[in-house]
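These notes are about the structure you will find just below.
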Amino acid sequence: MAQHTPDAAQVLAATQRDGLTAAEVAERERRGETNAFKPRVGRSYFDIIRENVFNLFTLTMGVLLVVTALLGDFATVLFAGFSVVTNALLGTIQEIFSKRKLDRLAELSTPEVTVLRDGVPARVSTYKVVLGDVLPLEPGDKIVVDGVVLHSDALEIDESQLTGESDAVLKDAGMPVSSGSFCVAGAGVMVATVVGRDSTINKLSAVAKQYKQVLTPTQRQLSNIVQFSVLIMLLCTPMLFVAGYVDPVQAGVPDGSSDLLLNVFRNAVVFVASIVPQGLVLTATLSLTIGAITMMRHQTLVQRVNAVENMANCNVLCFDKTGTLTMNVLSVQEIDPLNGASPEAVREALALYLNNVAALNRTASAVAEYINGSEERPAPARRKTREIGFNSTRKWGAVVLDDQVLVMGAPERVLPASASASIQQASELAARGLRVLAFARGSALNGSDDLPDDRAGLALLVLADTVRPNVNETLKAFTDEGVELKVISGDNLETVRQVATSAGMEIRAAYTGSQLEAMSEAEFRGAIVEGNLFARIEPTTKRQIVRALKEQGFYVGMTGDGVNDVPALKEANLAIVMNDGAQISKDVADLVLLNNALSTLPRALHEGRIVKQSIFGTSKIFLVKNLYSLLWFIFAGFMGLPFPINPIQISWVTFGVVNIPATLIAMHYVRPVRMDFWRRDVIDYVLNAGLLAMAALSVMYGASYLLNDGNFAMSRSVNMMFMTLWGMLVYWNVLGVELFESKTWLRHRFVFFSGLFFAAATMLGCYIAPGILSFVPPTMPQILLIVVTFSIASVALHILTRRRSLTELLWKLTSPP
């Protein structure tokens, strides 16, 4: 139902500076003039059902099974259809459950804003803001509705997410502000003139449909494999029909009877079900979701489920000193007057500066508490005529009065070059791990927004922060996992070095922002790899550091909590933000640390590594079966042999020794051996195991078919037995059990015995229901053939996976010269 939205002039005319009354809020809620609009930022339930049920694989199998049912083969429909329906149904249920679970957890972190109601500040959900609400703005606040500035105190707004322009925009009273932008400096008050679906950010969200699935490296690999499999399916399935009619023997009907059409459709069902690893996509998604939910139980809010694997891929972690290594609870240790200023004069000037500044950041709040005895600021004796808000690019802020300009910020920026002794003193204090600010006075700004030329230092302000407890253990946990740590801070180099060293980091090389800016591109790229401490870094340089690391092949995680961290967070592969950080930083985060502690991350890293191993393990199980099936079917067709297995048989074997083991791995009941690289640890094994299985099955099928005078029913039964044993072997290998290393049987006894159980149960089912499975019990010579072939193939796999000779030859042959 559309709502009428008054124009901005009407809203402004009806707005009181002390905000709406409770009755006015209730009336606007009744009229629907609220911000209770949630753009679609994830898949809808319809999307989930469509992608799981109406994908190309399911539709193709559905058509084949319907025709098979019409031809009267209900057993094939039951067995082959079971896996299709199970994949579609379980995938849908699991994703819907995950969506509901993740949405509920995300609701716990719904952002709140401050509004003035009945003259009193109140915190409300962003969805509870109504038309005409008055909202105070301070640095870090996200603007959640469109509005007009009622009062500006050097208010600077970052509109980069809307316009792409990185420079902050100064907003005076009467100027419009748009939802989706952020306050980065100064302070102000605005009134909401457009809310809900009509606001700028919600219009953009609706047009862009915001949801876009960003795939992890492993998901991209799996997606490529599935797409390739579907292409093979589309090319080869029609050929099966043609080949079946041209040569009925290949369809399994030597006499060309009326069963020809049915058998051709059976073969098509086997082919499609065997080469498309649909179950692999399900188990990968299941593993990621379980990992996300587990991480949330450990104070880590996962805002994008793919971040679980991204955490595992992270091999460089960049973080700031403040709030990460330290508690970000500052206290003033001393105020050291300069140039003969008396302590009383310094305190008076500081009080004048702090009581006039629009908004107090944590540093200024600590100084205010030291000066005033609390963070409450009395009315200033003299009022400013202008303010230049502090930001991380300028590294200073100023209050302009009628007769002077008071400046506070980094000593090397604020103090004149002639004050070398004071700058050196600040550097020595910083080397002890202290934060040092300079406070200076001048007569007038140089131009409109530059420091006074005649400024002179009034004092050095010395503050201390507390290193977080157990930070040494946290950093060691990362290095033990092979994660490179890099500190990127806006603070003084010596301060950062001292804090990082006390936290247990060994500093290899350290650079300042000015040093990096003076380098050539090649020198810069080398420095950011060599160095692990960077100080006096501006937001744009921080982003360049992250980008350069990514370009050199590193997978970069970035932690932060402030407005100045946002460019680097957006650039990183994985954005991690503290829960008490600025709202703008949380909006771009993949992970939010709810307890504001870096110590949470090693657990998240561990969980991410478990998920990655689970996906790698299930990939090996599925892809081995898909590879040998595809090549084996091609071999049978090329040799003019009947199709080597029927739908019921392959569905039963796949269920017993592929689907159930893969589900155990995806559910994290069993854990694969460590795998680090997709090509080396997954694809190499898949090639070895898949090619050997194809060769063994081809030889065994051909021999069995010839020895049994063309009795392909017996040959198919022999194939089932070998596939069952090979599935057991692959399951063992993935989980660390080696057939020819008996000590691994005991080390992983659950895996060993569960593998035996799955294989035995699968074979037992063949003997219990031979009619349904078209199973002919093998004779003793055939059993001997199975055992010998399996033994030779197992020995070959054991040797090849250690020497990697086959896969290395394949990679050399397929690599460009």
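Letters A, B, ... go to the chains of the structure tokens in the order shown; residues in each chain start at 1; ligands are counted from 1 in the same order.
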Residue set, region 324-561 of chain A restricted to alpha helix (DSSP H), as a PyMOL selection string
chain A and resi 343-356+362-372+411-414+420-430+471-480+493-502+513-517+521-530+539-551
Identify, on the basis of only C-alpha atoms, every residue whose closest approach to Phe722 (chain A) does not exceed 7 Å; exclude the query and any residue fewer than 4 positions from it along the same chain; express the result as a ChimeraX atom specification.
/A:718,726,786,790
Export, as a PDB file, in the first residue's frame, the selected residues with N, CA and C atoms.
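Okay, out_24.pdb is ready:
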```
ATOM      1  N   VAL A 718      29.524 -57.246 -11.116  1.00  0.00           N
ATOM      2  CA  VAL A 718      30.954 -57.157 -10.802  1.00  0.00           C
ATOM      3  C   VAL A 718      31.363 -55.692 -10.673  1.00  0.00           C
ATOM      4  N   TRP A 726      35.960 -49.295  -4.078  1.00  0.00           N
ATOM      5  CA  TRP A 726      36.722 -48.083  -4.396  1.00  0.00           C
ATOM      6  C   TRP A 726      36.176 -46.877  -3.626  1.00  0.00           C
ATOM      7  N   ILE A 786      37.694 -59.353  -9.039  1.00  0.00           N
ATOM      8  CA  ILE A 786      37.447 -58.098  -8.318  1.00  0.00           C
ATOM      9  C   ILE A 786      38.575 -57.814  -7.340  1.00  0.00           C
ATOM     10  N   PHE A 790      41.158 -54.766  -7.693  1.00  0.00           N
ATOM     11  CA  PHE A 790      41.129 -53.756  -6.629  1.00  0.00           C
ATOM     12  C   PHE A 790      42.493 -53.635  -5.956  1.00  0.00           C
TER      13      PHE A 790
END
```
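The closest residue to Leu59 (chain A), picked from A:Ile225, A:Ala273, A:Cys314, A:Ala341 and counting only C-alpha atoms, is A:Ala273.
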So that I can check the surroundings of Asn564 (chain A), please list as a count of residues only every protein, DNA and RNA residue that reaches within 9 Å of it, counting only C-alpha atoms and ignoring chain neighbours fewer than 4 positions away.
10
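Among A:Arg679, A:Lys142, A:Lys612, A:Arg468, the residue with the shortest atom-to-atom distance to Ala500 (chain A), counting only C-alpha atoms, is A:Arg468.
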